[in-house]
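Pasted below: target.pdb, PDB, C-alpha atoms (C1' of nucleotides).
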ATOM      1  CA  MET B   1      33.987  54.230 -24.471
ATOM      2  CA  GLN B   2      31.560  55.723 -22.040
ATOM      3  CA  THR B   3      33.026  57.418 -19.002
ATOM      4  CA  ASN B   4      30.833  57.408 -15.941
ATOM      5  CA  GLU B   5      30.809  59.403 -12.763
ATOM      6  CA  ALA B   6      33.854  58.897 -10.614
ATOM      7  CA  LEU B   7      33.287  56.295  -7.920
ATOM      8  CA  ASP B   8      34.592  56.477  -4.387
ATOM      9  CA  ILE B   9      37.417  54.014  -3.841
ATOM     10  CA  GLU B  10      36.320  52.813  -0.427
ATOM     11  CA  ALA B  11      32.677  52.361  -1.398
ATOM     12  CA  THR B  12      33.738  50.591  -4.564
ATOM     13  CA  ALA B  13      36.003  48.277  -2.578
ATOM     14  CA  ASN B  14      33.028  47.383  -0.416
ATOM     15  CA  VAL B  15      30.923  46.531  -3.459
ATOM     16  CA  LEU B  16      33.764  44.465  -4.890
ATOM     17  CA  LYS B  17      34.119  42.634  -1.602
ATOM     18  CA  LEU B  18      30.451  41.715  -1.793
ATOM     19  CA  LEU B  19      30.891  40.488  -5.355
ATOM     20  CA  GLY B  20      34.094  38.703  -4.368
ATOM     21  CA  ASP B  21      32.259  35.663  -3.120
ATOM     22  CA  LYS B  22      31.357  32.918  -5.568
ATOM     23  CA  THR B  23      27.846  32.467  -4.216
ATOM     24  CA  ARG B  24      26.973  36.153  -4.197
ATOM     25  CA  LEU B  25      28.556  36.783  -7.581
ATOM     26  CA  THR B  26      26.495  33.969  -9.056
ATOM     27  CA  MET B  27      23.368  35.314  -7.368
ATOM     28  CA  VAL B  28      23.974  38.742  -8.832
ATOM     29  CA  LYS B  29      24.515  37.280 -12.299
ATOM     30  CA  ILE B  30      21.289  35.303 -11.954
ATOM     31  CA  MET B  31      19.391  38.395 -10.824
ATOM     32  CA  SER B  32      20.746  40.326 -13.789
ATOM     33  CA  GLU B  33      18.864  37.822 -15.933
ATOM     34  CA  HIS B  34      15.820  36.943 -13.799
ATOM     35  CA  GLU B  35      14.450  38.086 -10.508
ATOM     36  CA  CYS B  36      14.503  35.224  -8.064
ATOM     37  CA  CYS B  37      12.966  34.287  -4.759
ATOM     38  CA  VAL B  38      14.789  32.847  -1.793
ATOM     39  CA  CYS B  39      13.522  29.308  -2.197
ATOM     40  CA  GLU B  40      14.734  29.274  -5.796
ATOM     41  CA  PHE B  41      18.202  30.272  -4.666
ATOM     42  CA  VAL B  42      18.012  27.533  -2.058
ATOM     43  CA  ASP B  43      17.298  25.047  -4.842
ATOM     44  CA  LEU B  44      20.112  26.428  -6.969
ATOM     45  CA  PHE B  45      22.877  26.378  -4.375
ATOM     46  CA  ASP B  46      24.088  23.525  -2.254
ATOM     47  CA  MET B  47      23.642  25.511   0.896
ATOM     48  CA  SER B  48      21.177  25.953   3.754
ATOM     49  CA  GLN B  49      18.298  28.405   3.586
ATOM     50  CA  PRO B  50      19.777  30.667   6.291
ATOM     51  CA  ALA B  51      23.070  30.854   4.398
ATOM     52  CA  ILE B  52      21.196  32.036   1.308
ATOM     53  CA  SER B  53      19.219  34.495   3.396
ATOM     54  CA  GLN B  54      22.382  35.930   4.887
ATOM     55  CA  HIS B  55      24.020  36.464   1.512
ATOM     56  CA  LEU B  56      20.885  38.208   0.273
ATOM     57  CA  ARG B  57      20.805  40.390   3.338
ATOM     58  CA  LYS B  58      24.332  41.610   2.692
ATOM     59  CA  LEU B  59      23.401  42.468  -0.869
ATOM     60  CA  LYS B  60      20.245  44.206   0.305
ATOM     61  CA  ASP B  61      22.012  46.139   3.072
ATOM     62  CA  SER B  62      24.458  47.512   0.522
ATOM     63  CA  GLY B  63      21.617  48.698  -1.666
ATOM     64  CA  ILE B  64      22.667  46.465  -4.560
ATOM     65  CA  VAL B  65      19.429  44.492  -4.583
ATOM     66  CA  ASN B  66      15.768  45.078  -3.877
ATOM     67  CA  GLU B  67      13.381  42.765  -2.189
ATOM     68  CA  ALA B  68       9.686  42.561  -2.897
ATOM     69  CA  ARG B  69       7.258  40.345  -1.128
ATOM     70  CA  ARG B  70       4.654  38.692  -3.302
ATOM     71  CA  GLY B  71       2.384  36.578  -1.227
ATOM     72  CA  GLN B  72       4.375  33.931   0.497
ATOM     73  CA  TRP B  73       7.542  34.634  -1.432
ATOM     74  CA  ILE B  74      10.133  37.353  -1.305
ATOM     75  CA  PHE B  75      11.708  38.148  -4.630
ATOM     76  CA  TYR B  76      15.117  39.676  -5.020
ATOM     77  CA  SER B  77      16.257  41.670  -8.019
ATOM     78  CA  LEU B  78      19.071  44.041  -8.900
ATOM     79  CA  ASN B  79      18.353  47.560  -7.719
ATOM     80  CA  GLN B  80      18.474  49.580 -10.900
ATOM     81  CA  THR B  81      18.520  52.830  -8.965
ATOM     82  CA  SER B  82      21.665  51.937  -7.045
ATOM     83  CA  ALA B  83      24.647  54.193  -7.703
ATOM     84  CA  TYR B  84      26.517  50.986  -8.472
ATOM     85  CA  TYR B  85      24.022  49.438 -10.848
ATOM     86  CA  SER B  86      25.873  50.188 -14.067
ATOM     87  CA  PHE B  87      29.198  49.392 -12.434
ATOM     88  CA  ILE B  88      27.874  45.980 -11.462
ATOM     89  CA  GLN B  89      26.506  45.384 -14.937
ATOM     90  CA  THR B  90      29.959  46.083 -16.306
ATOM     91  CA  VAL B  91      31.621  43.759 -13.818
ATOM     92  CA  ILE B  92      29.340  40.805 -14.543
ATOM     93  CA  LYS B  93      28.944  41.392 -18.257
ATOM     94  CA  ASP B  94      31.320  38.657 -19.402
ATOM     95  CA  LEU B  95      30.407  36.079 -16.803
ATOM     96  CA  PRO B  96      28.723  33.021 -18.248
ATOM     97  CA  SER B  97      24.953  33.248 -18.352
ATOM     98  CA  GLN B  98      23.238  31.423 -15.510
ATOM     99  CA  ALA B  99      19.913  31.294 -17.330
ATOM    100  CA  PHE B 100      20.258  27.542 -17.788
ATOM    101  CA  LYS B 101      20.031  27.091 -14.037
ATOM    102  CA  VAL B 102      16.728  28.871 -13.849
ATOM    103  CA  GLU B 103      15.555  26.857 -16.850
ATOM    104  CA  GLU B 104      16.406  23.688 -14.983
ATOM    105  CA  LEU B 105      14.249  24.868 -12.110
ATOM    106  CA  THR B 106      11.413  25.480 -14.523
ATOM    107  CA  ALA B 107      11.878  22.013 -16.019
ATOM    108  CA  GLN B 108      11.658  20.540 -12.535
ATOM    109  CA  GLY B 109       8.522  22.550 -11.808
ATOM    110  CA  LYS B 110      10.370  24.416  -9.065
ATOM    111  CA  ARG B 111      10.161  27.833 -10.606
ATOM    112  CA  ILE B 112       8.044  30.262  -8.637
ATOM    113  CA  CYS B 113       5.764  32.482 -10.638
ATOM    114  CA  CYS B 114       3.296  34.909  -9.141
ATOM    115  CA  ASP B 115       1.632  36.256 -12.276
TER     116      ASP B 115
ATOM    117  CA  MET Q  26      30.066  47.551 -26.793
ATOM    118  CA  GLN Q  27      32.939  45.145 -26.850
ATOM    119  CA  THR Q  28      32.239  41.631 -25.641
ATOM    120  CA  ASN Q  29      35.174  39.750 -24.261
ATOM    121  CA  GLU Q  30      35.868  36.114 -23.613
ATOM    122  CA  ALA Q  31      33.650  34.600 -20.995
ATOM    123  CA  LEU Q  32      35.240  34.585 -17.573
ATOM    124  CA  ASP Q  33      34.968  31.805 -15.053
ATOM    125  CA  ILE Q  34      32.729  32.792 -12.145
ATOM    126  CA  GLU Q  35      34.861  31.350  -9.394
ATOM    127  CA  ALA Q  36      38.119  32.780 -10.720
ATOM    128  CA  THR Q  37      36.435  36.131 -11.226
ATOM    129  CA  ALA Q  38      35.109  36.069  -7.672
ATOM    130  CA  ASN Q  39      38.668  35.515  -6.467
ATOM    131  CA  VAL Q  40      39.917  38.518  -8.417
ATOM    132  CA  LEU Q  41      37.057  40.627  -7.091
ATOM    133  CA  LYS Q  42      37.853  39.530  -3.561
ATOM    134  CA  LEU Q  43      41.410  40.747  -4.058
ATOM    135  CA  LEU Q  44      40.141  44.073  -5.376
ATOM    136  CA  GLY Q  45      37.585  44.238  -2.580
ATOM    137  CA  ASP Q  46      40.058  45.689  -0.143
ATOM    138  CA  LYS Q  47      40.546  49.445  -0.041
ATOM    139  CA  THR Q  48      44.319  49.224   0.189
ATOM    140  CA  ARG Q  49      44.721  46.742  -2.665
ATOM    141  CA  LEU Q  50      42.184  48.506  -4.853
ATOM    142  CA  THR Q  51      44.082  51.764  -4.395
ATOM    143  CA  MET Q  52      47.374  50.007  -5.115
ATOM    144  CA  VAL Q  53      45.968  48.581  -8.334
ATOM    145  CA  LYS Q  54      44.652  51.984  -9.404
ATOM    146  CA  ILE Q  55      48.069  53.498  -8.678
ATOM    147  CA  MET Q  56      49.813  50.770 -10.666
ATOM    148  CA  SER Q  57      47.471  51.378 -13.579
ATOM    149  CA  GLU Q  58      48.963  54.862 -13.723
ATOM    150  CA  HIS Q  59      52.562  54.326 -12.556
ATOM    151  CA  GLU Q  60      54.646  51.374 -11.633
ATOM    152  CA  CYS Q  61      55.629  51.628  -8.008
ATOM    153  CA  CYS Q  62      58.141  50.134  -5.632
ATOM    154  CA  VAL Q  63      57.395  48.811  -2.175
ATOM    155  CA  CYS Q  64      58.913  51.728  -0.287
ATOM    156  CA  GLU Q  65      56.745  54.137  -2.256
ATOM    157  CA  PHE Q  66      53.651  52.230  -1.248
ATOM    158  CA  VAL Q  67      54.895  52.305   2.324
ATOM    159  CA  ASP Q  68      55.093  56.097   2.087
ATOM    160  CA  LEU Q  69      51.643  56.297   0.519
ATOM    161  CA  PHE Q  70      49.754  54.159   3.014
ATOM    162  CA  ASP Q  71      49.540  54.483   6.750
ATOM    163  CA  MET Q  72      50.592  50.930   7.254
ATOM    164  CA  SER Q  73      53.691  48.906   8.098
ATOM    165  CA  GLN Q  74      56.088  47.671   5.430
ATOM    166  CA  PRO Q  75      55.177  44.018   6.021
ATOM    167  CA  ALA Q  76      51.493  44.824   5.587
ATOM    168  CA  ILE Q  77      52.265  46.421   2.217
ATOM    169  CA  SER Q  78      54.425  43.462   1.281
ATOM    170  CA  GLN Q  79      51.666  41.022   2.123
ATOM    171  CA  HIS Q  80      49.115  42.852   0.016
ATOM    172  CA  LEU Q  81      51.521  42.898  -2.915
ATOM    173  CA  ARG Q  82      52.205  39.222  -2.487
ATOM    174  CA  LYS Q  83      48.518  38.395  -2.782
ATOM    175  CA  LEU Q  84      48.293  40.434  -5.960
ATOM    176  CA  LYS Q  85      51.422  38.780  -7.303
ATOM    177  CA  ASP Q  86      50.295  35.260  -6.374
ATOM    178  CA  SER Q  87      47.080  35.805  -8.318
ATOM    179  CA  GLY Q  88      49.028  36.866 -11.397
ATOM    180  CA  ILE Q  89      47.489  40.328 -11.396
ATOM    181  CA  VAL Q  90      50.793  42.122 -10.918
ATOM    182  CA  ASN Q  91      54.400  41.649 -11.910
ATOM    183  CA  GLU Q  92      57.419  42.354  -9.847
ATOM    184  CA  ALA Q  93      60.757  43.450 -11.217
ATOM    185  CA  ARG Q  94      63.853  44.012  -9.198
ATOM    186  CA  ARG Q  95      65.922  47.018 -10.172
ATOM    187  CA  GLY Q  96      68.931  47.283  -7.956
ATOM    188  CA  GLN Q  97      67.838  47.655  -4.417
ATOM    189  CA  TRP Q  98      64.214  48.151  -5.248
ATOM    190  CA  ILE Q  99      61.421  45.875  -6.361
ATOM    191  CA  PHE Q 100      58.894  47.493  -8.643
ATOM    192  CA  TYR Q 101      55.351  46.296  -9.008
ATOM    193  CA  SER Q 102      53.182  46.876 -12.040
ATOM    194  CA  LEU Q 103      49.976  45.521 -13.513
ATOM    195  CA  ASN Q 104      50.568  42.326 -15.443
ATOM    196  CA  GLN Q 105      49.327  43.148 -18.898
ATOM    197  CA  THR Q 106      49.433  39.511 -19.926
ATOM    198  CA  SER Q 107      47.085  38.402 -17.156
ATOM    199  CA  ALA Q 108      43.803  36.939 -18.363
ATOM    200  CA  TYR Q 109      42.182  39.484 -16.069
ATOM    201  CA  TYR Q 110      44.081  42.545 -17.222
ATOM    202  CA  SER Q 111      41.320  44.072 -19.319
ATOM    203  CA  PHE Q 112      38.716  43.076 -16.757
ATOM    204  CA  ILE Q 113      40.654  44.916 -14.088
ATOM    205  CA  GLN Q 114      41.065  47.958 -16.298
ATOM    206  CA  THR Q 115      37.310  48.027 -16.713
ATOM    207  CA  VAL Q 116      36.698  47.684 -12.992
ATOM    208  CA  ILE Q 117      39.011  50.528 -12.000
ATOM    209  CA  LYS Q 118      38.292  52.803 -14.930
ATOM    210  CA  ASP Q 119      36.041  55.232 -13.083
ATOM    211  CA  LEU Q 120      37.934  55.289  -9.816
ATOM    212  CA  PRO Q 121      39.496  58.651  -9.070
ATOM    213  CA  SER Q 122      43.048  59.018 -10.356
ATOM    214  CA  GLN Q 123      45.677  58.479  -7.692
ATOM    215  CA  ALA Q 124      48.342  60.273  -9.713
ATOM    216  CA  PHE Q 125      48.331  63.155  -7.246
ATOM    217  CA  LYS Q 126      49.643  60.846  -4.564
ATOM    218  CA  VAL Q 127      52.631  59.889  -6.626
ATOM    219  CA  GLU Q 128      53.156  63.550  -7.467
ATOM    220  CA  GLU Q 129      53.249  64.340  -3.774
ATOM    221  CA  LEU Q 130      55.957  61.731  -3.352
ATOM    222  CA  THR Q 131      57.925  63.356  -6.156
ATOM    223  CA  ALA Q 132      57.496  66.766  -4.532
ATOM    224  CA  GLN Q 133      58.855  65.338  -1.288
ATOM    225  CA  GLY Q 134      61.808  63.823  -3.102
ATOM    226  CA  LYS Q 135      60.579  60.375  -2.140
ATOM    227  CA  ARG Q 136      59.929  59.103  -5.625
ATOM    228  CA  ILE Q 137      62.209  56.266  -6.658
ATOM    229  CA  CYS Q 138      63.542  56.406 -10.157
ATOM    230  CA  CYS Q 139      66.029  53.955 -11.592
ATOM    231  CA  ASP Q 140      66.543  55.436 -15.043
TER     232      ASP Q 140
ATOM    233  C1'  DT Y  25      83.809  42.829   4.703
ATOM    234  C1'  DA Y  26      80.675  45.548   7.561
ATOM    235  C1'  DA Y  27      76.978  48.693   7.794
ATOM    236  C1'  DC Y  28      72.932  50.193   5.608
ATOM    237  C1'  DT Y  29      68.674  50.012   2.897
ATOM    238  C1'  DA Y  30      64.860  47.474   0.809
ATOM    239  C1'  DT Y  31      61.941  43.746   0.987
ATOM    240  C1'  DA Y  32      60.163  39.227   2.458
ATOM    241  C1'  DT Y  33      58.863  35.943   5.789
ATOM    242  C1'  DA Y  34      57.385  34.136  10.371
ATOM    243  C1'  DA Y  35      54.607  34.190  14.290
ATOM    244  C1'  DG Y  36      50.909  35.877  16.793
ATOM    245  C1'  DC Y  37      46.533  38.034  17.465
ATOM    246  C1'  DA Y  38      41.956  40.383  16.989
ATOM    247  C1'  DT Y  39      38.280  40.645  14.027
ATOM    248  C1'  DA Y  40      35.623  39.327   9.939
ATOM    249  C1'  DT Y  41      33.461  35.896   7.283
ATOM    250  C1'  DG Y  42      30.617  32.129   5.913
ATOM    251  C1'  DA Y  43      28.644  28.221   7.243
ATOM    252  C1'  DT Y  44      25.576  25.385  10.470
ATOM    253  C1'  DT Y  45      21.440  24.246  13.574
ATOM    254  C1'  DA Y  46      17.625  25.983  16.212
ATOM    255  C1'  DT Y  47      14.093  29.164  16.528
ATOM    256  C1'  DT Y  48      11.026  33.003  15.278
ATOM    257  C1'  DT Y  49       8.101  35.563  12.212
ATOM    258  C1'  DA Y  50       4.996  36.081   8.237
ATOM    259  C1'  DT Y  51       1.794  34.321   5.023
ATOM    260  C1'  DT Y  52      -1.368  30.977   3.060
ATOM    261  C1'  DC Y  53      -4.805  27.601   3.177
ATOM    262  C1'  DG Y  54      -7.782  23.753   4.871
TER     263       DG Y  54
ATOM    264  C1'  DC M  26      -7.963  28.702  14.187
ATOM    265  C1'  DG M  27      -4.177  25.447  13.299
ATOM    266  C1'  DA M  28      -0.964  23.272  10.122
ATOM    267  C1'  DA M  29       2.151  24.098   6.458
ATOM    268  C1'  DT M  30       5.373  26.860   3.805
ATOM    269  C1'  DA M  31       8.731  30.719   3.170
ATOM    270  C1'  DA M  32      12.044  33.515   4.995
ATOM    271  C1'  DA M  33      14.611  35.921   8.718
ATOM    272  C1'  DT M  34      17.132  35.967  12.857
ATOM    273  C1'  DA M  35      20.002  34.178  16.744
ATOM    274  C1'  DA M  36      23.632  31.620  18.447
ATOM    275  C1'  DT M  37      27.684  29.201  17.575
ATOM    276  C1'  DC M  38      31.828  27.743  15.385
ATOM    277  C1'  DA M  39      35.841  26.999  12.258
ATOM    278  C1'  DT M  40      38.504  29.330   9.163
ATOM    279  C1'  DA M  41      40.127  33.452   6.700
ATOM    280  C1'  DT M  42      41.841  37.992   6.796
ATOM    281  C1'  DG M  43      44.664  41.871   7.811
ATOM    282  C1'  DC M  44      47.403  43.779  10.828
ATOM    283  C1'  DT M  45      51.457  43.942  14.155
ATOM    284  C1'  DT M  46      56.378  43.031  15.771
ATOM    285  C1'  DA M  47      60.501  40.438  15.174
ATOM    286  C1'  DT M  48      63.628  38.463  12.149
ATOM    287  C1'  DA M  49      65.733  36.878   7.813
ATOM    288  C1'  DT M  50      67.314  37.725   3.167
ATOM    289  C1'  DA M  51      69.122  40.399  -0.686
ATOM    290  C1'  DG M  52      71.489  44.123  -2.702
ATOM    291  C1'  DT M  53      74.381  48.527  -2.196
ATOM    292  C1'  DT M  54      78.059  51.044  -0.722
ATOM    293  C1'  DA M  55      81.814  52.815   2.198
TER     294       DA M  55
END
Would you mind writing the structure in this file as structure tokens?
Amino acid sequence: MQTNEALDIEATANVLKLLGDKTRLTMVKIMSEHECCVCEFVDLFDMSQPAISQHLRKLKDSGIVNEARRGQWIFYSLNQTSAYYSFIQTVIKDLPSQAFKVEELTAQGKRICCD
Amino acid sequence: MQTNEALDIEATANVLKLLGDKTRLTMVKIMSEHECCVCEFVDLFDMSQPAISQHLRKLKDSGIVNEARRGQWIFYSLNQTSAYYSFIQTVIKDLPSQAFKVEELTAQGKRICCD
DNA sequence: TAACTATATAAGCATATGATTATTTATTCG
DNA sequence: CGAATAAATAATCATATGCTTATATAGTTA
């Protein structure tokens, strides 16, 4: 088994606290499979747009995710350069794939694509 | 890489929330190395005995830890039969060992041993 | 049994958290 | 430019969290 760099307990606790919310944990799992823009998250969760925005801000402030504006939309994705990137991958590895949710969006024509 | 049973997102978020507290995360790391009784935790943390007790109760209520009375003392240890045992091991794997703290207790003659 | 030690529980309190609605800011497009 | 869309921010609020002190409970021991 691979052994990684030692992680600081307090910083790790803060990351775990962020992941310790059902909405954010699901968001992170989704982003591990697809990048996603805010309005897609709004469609995926039964929650107001500001609530989504606030969850994403916490993830962004911690450095876990990146944001990238593309035109009208802001896309969020896991920050692969974060010191916690591989830790997070390990934590979410066995969570059920959320790809079906994004596929449902596509089926409904709600998927945003900027290519 | 080993792939384990899929974990439920909401239940996993609840476990992560429990681990997302510096005190509890440290406790869990300590218990992964040594079982520990309440008064030892009280010596190890700068916190009142009831605060320690309340953290341990949350861990116990979630099934993450076991308690075992031995005489006057109640020892807490990781519950190896918990559905989240291997998940937790993975999460805490790269945290710095807390064994030195328990060794300090031993050096101060504060280590409880019921053998 | 009484005193002592270990732990749990109760009550109270300050702060954190996660949501809402209202509003602002940024971008696109007619 | 002005309307429409996307997202962020501000203000507010109810509930959760983590601690404290005080007290109760359980076990040990003289």
(request) Please determine the contact residues of chain Y with respect to chain Q at a cut-off of 9 Å, counting all atoms listed in the file, and supply them as an NGL selection string. (result) :Y and (29-33)
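Note that the spacing between CA of Thr37 in chain Q and CA of Lys118 in chain Q amounts to 17.2 Å.
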Where does chain B end up after superposition onto chain Q over all in-order Cα pairs? Give it as a compact mmCIF listing (two decimals) with C-alpha atoms, keeping the file's coordinate frame.
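And here is the file that came out, selection-v1.txt:
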# COMPACT_ATOMS: atom_id res chain seq x y z
CA MET B 1 30.19 47.65 -26.64
CA GLN B 2 33.00 45.18 -26.80
CA THR B 3 32.26 41.67 -25.62
CA ASN B 4 35.20 39.78 -24.24
CA GLU B 5 35.88 36.15 -23.60
CA ALA B 6 33.64 34.61 -20.99
CA LEU B 7 35.25 34.58 -17.56
CA ASP B 8 34.97 31.80 -15.03
CA ILE B 9 32.73 32.79 -12.15
CA GLU B 10 34.88 31.34 -9.39
CA ALA B 11 38.13 32.78 -10.72
CA THR B 12 36.44 36.13 -11.22
CA ALA B 13 35.12 36.06 -7.66
CA ASN B 14 38.67 35.51 -6.46
CA VAL B 15 39.92 38.51 -8.42
CA LEU B 16 37.06 40.62 -7.09
CA LYS B 17 37.86 39.53 -3.56
CA LEU B 18 41.41 40.74 -4.06
CA LEU B 19 40.14 44.07 -5.38
CA GLY B 20 37.58 44.22 -2.58
CA ASP B 21 40.05 45.68 -0.14
CA LYS B 22 40.55 49.43 -0.03
CA THR B 23 44.32 49.21 0.18
CA ARG B 24 44.72 46.74 -2.66
CA LEU B 25 42.19 48.50 -4.86
CA THR B 26 44.07 51.75 -4.40
CA MET B 27 47.36 50.00 -5.13
CA VAL B 28 45.97 48.58 -8.34
CA LYS B 29 44.65 51.98 -9.40
CA ILE B 30 48.06 53.50 -8.68
CA MET B 31 49.81 50.78 -10.67
CA SER B 32 47.46 51.37 -13.58
CA GLU B 33 48.95 54.86 -13.73
CA HIS B 34 52.56 54.33 -12.57
CA GLU B 35 54.65 51.37 -11.63
CA CYS B 36 55.62 51.62 -8.00
CA CYS B 37 58.13 50.12 -5.63
CA VAL B 38 57.39 48.81 -2.17
CA CYS B 39 58.91 51.71 -0.29
CA GLU B 40 56.75 54.13 -2.26
CA PHE B 41 53.65 52.22 -1.26
CA VAL B 42 54.89 52.31 2.32
CA ASP B 43 55.08 56.09 2.07
CA LEU B 44 51.64 56.30 0.50
CA PHE B 45 49.74 54.16 2.99
CA ASP B 46 49.52 54.50 6.73
CA MET B 47 50.59 50.95 7.24
CA SER B 48 53.69 48.91 8.09
CA GLN B 49 56.09 47.67 5.44
CA PRO B 50 55.17 44.00 6.01
CA ALA B 51 51.48 44.82 5.57
CA ILE B 52 52.26 46.41 2.21
CA SER B 53 54.43 43.45 1.27
CA GLN B 54 51.66 41.02 2.10
CA HIS B 55 49.09 42.84 0.00
CA LEU B 56 51.52 42.88 -2.92
CA ARG B 57 52.20 39.20 -2.50
CA LYS B 58 48.51 38.38 -2.79
CA LEU B 59 48.30 40.42 -5.97
CA LYS B 60 51.42 38.76 -7.32
CA ASP B 61 50.28 35.24 -6.40
CA SER B 62 47.08 35.79 -8.34
CA GLY B 63 49.03 36.86 -11.40
CA ILE B 64 47.48 40.33 -11.40
CA VAL B 65 50.80 42.11 -10.92
CA ASN B 66 54.41 41.65 -11.91
CA GLU B 67 57.43 42.35 -9.84
CA ALA B 68 60.78 43.44 -11.19
CA ARG B 69 63.85 44.02 -9.16
CA ARG B 70 65.92 47.03 -10.13
CA GLY B 71 68.92 47.31 -7.92
CA GLN B 72 67.82 47.69 -4.37
CA TRP B 73 64.18 48.18 -5.23
CA ILE B 74 61.42 45.89 -6.35
CA PHE B 75 58.90 47.50 -8.63
CA TYR B 76 55.36 46.30 -9.01
CA SER B 77 53.19 46.89 -12.04
CA LEU B 78 49.98 45.52 -13.51
CA ASN B 79 50.57 42.33 -15.43
CA GLN B 80 49.33 43.16 -18.89
CA THR B 81 49.43 39.52 -19.92
CA SER B 82 47.08 38.40 -17.16
CA ALA B 83 43.79 36.94 -18.35
CA TYR B 84 42.18 39.49 -16.06
CA TYR B 85 44.07 42.55 -17.20
CA SER B 86 41.32 44.08 -19.30
CA PHE B 87 38.70 43.08 -16.75
CA ILE B 88 40.65 44.93 -14.08
CA GLN B 89 41.05 47.96 -16.29
CA THR B 90 37.29 48.03 -16.71
CA VAL B 91 36.68 47.69 -12.98
CA ILE B 92 39.01 50.53 -12.00
CA LYS B 93 38.27 52.80 -14.94
CA ASP B 94 36.02 55.23 -13.08
CA LEU B 95 37.92 55.29 -9.82
CA PRO B 96 39.49 58.65 -9.07
CA SER B 97 43.02 59.02 -10.35
CA GLN B 98 45.67 58.49 -7.70
CA ALA B 99 48.34 60.26 -9.72
CA PHE B 100 48.34 63.16 -7.26
CA LYS B 101 49.66 60.85 -4.58
CA VAL B 102 52.64 59.87 -6.64
CA GLU B 103 53.16 63.54 -7.49
CA GLU B 104 53.25 64.32 -3.80
CA LEU B 105 55.97 61.73 -3.37
CA THR B 106 57.92 63.35 -6.16
CA ALA B 107 57.48 66.77 -4.55
CA GLN B 108 58.84 65.36 -1.31
CA GLY B 109 61.79 63.82 -3.14
CA LYS B 110 60.57 60.36 -2.16
CA ARG B 111 59.93 59.09 -5.64
CA ILE B 112 62.21 56.26 -6.67
CA CYS B 113 63.55 56.41 -10.18
CA CYS B 114 66.03 53.96 -11.62
CA ASP B 115 66.58 55.44 -15.07
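One finds C1' of DA33 in chain M at 17.6 Å from CA of Asp43 in chain B.
The space separating CA of Val127 in chain Q from CA of Asp8 in chain B comes to 18.5 Å.
Here the PyMOL selection byres ((chain Y and resi 37) around 10) catches exactly these residues: DA35, DG36, DA38 and DT39 of chain Y; DC44 and DT45 of chain M.
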(message) Distance cut-off 6 Å, counting all atoms listed in the file - which residues of chain Q neighbour chain B? Return them as a VMD selection string.
(response) chain Q and resid 31 to 32 35 38 to 39 41 to 42 45 to 47 119 to 121
(request) Run the PyMOL selection byres ((chain M) within 8 of (chain Q)) mentally over the shown coordinates, then write out the matched residues as a PyMOL selection string, using the chain letters and numbers from the document. (result) chain M and resi 43-44+52-53
(request) Expand the PyMOL selection byres ((chain Q and resi 58) around 8) into the individual residues it matches in the shown file, reporting them as a ChimeraX atom specification. (result) /Q:54-57,59-60,122-124
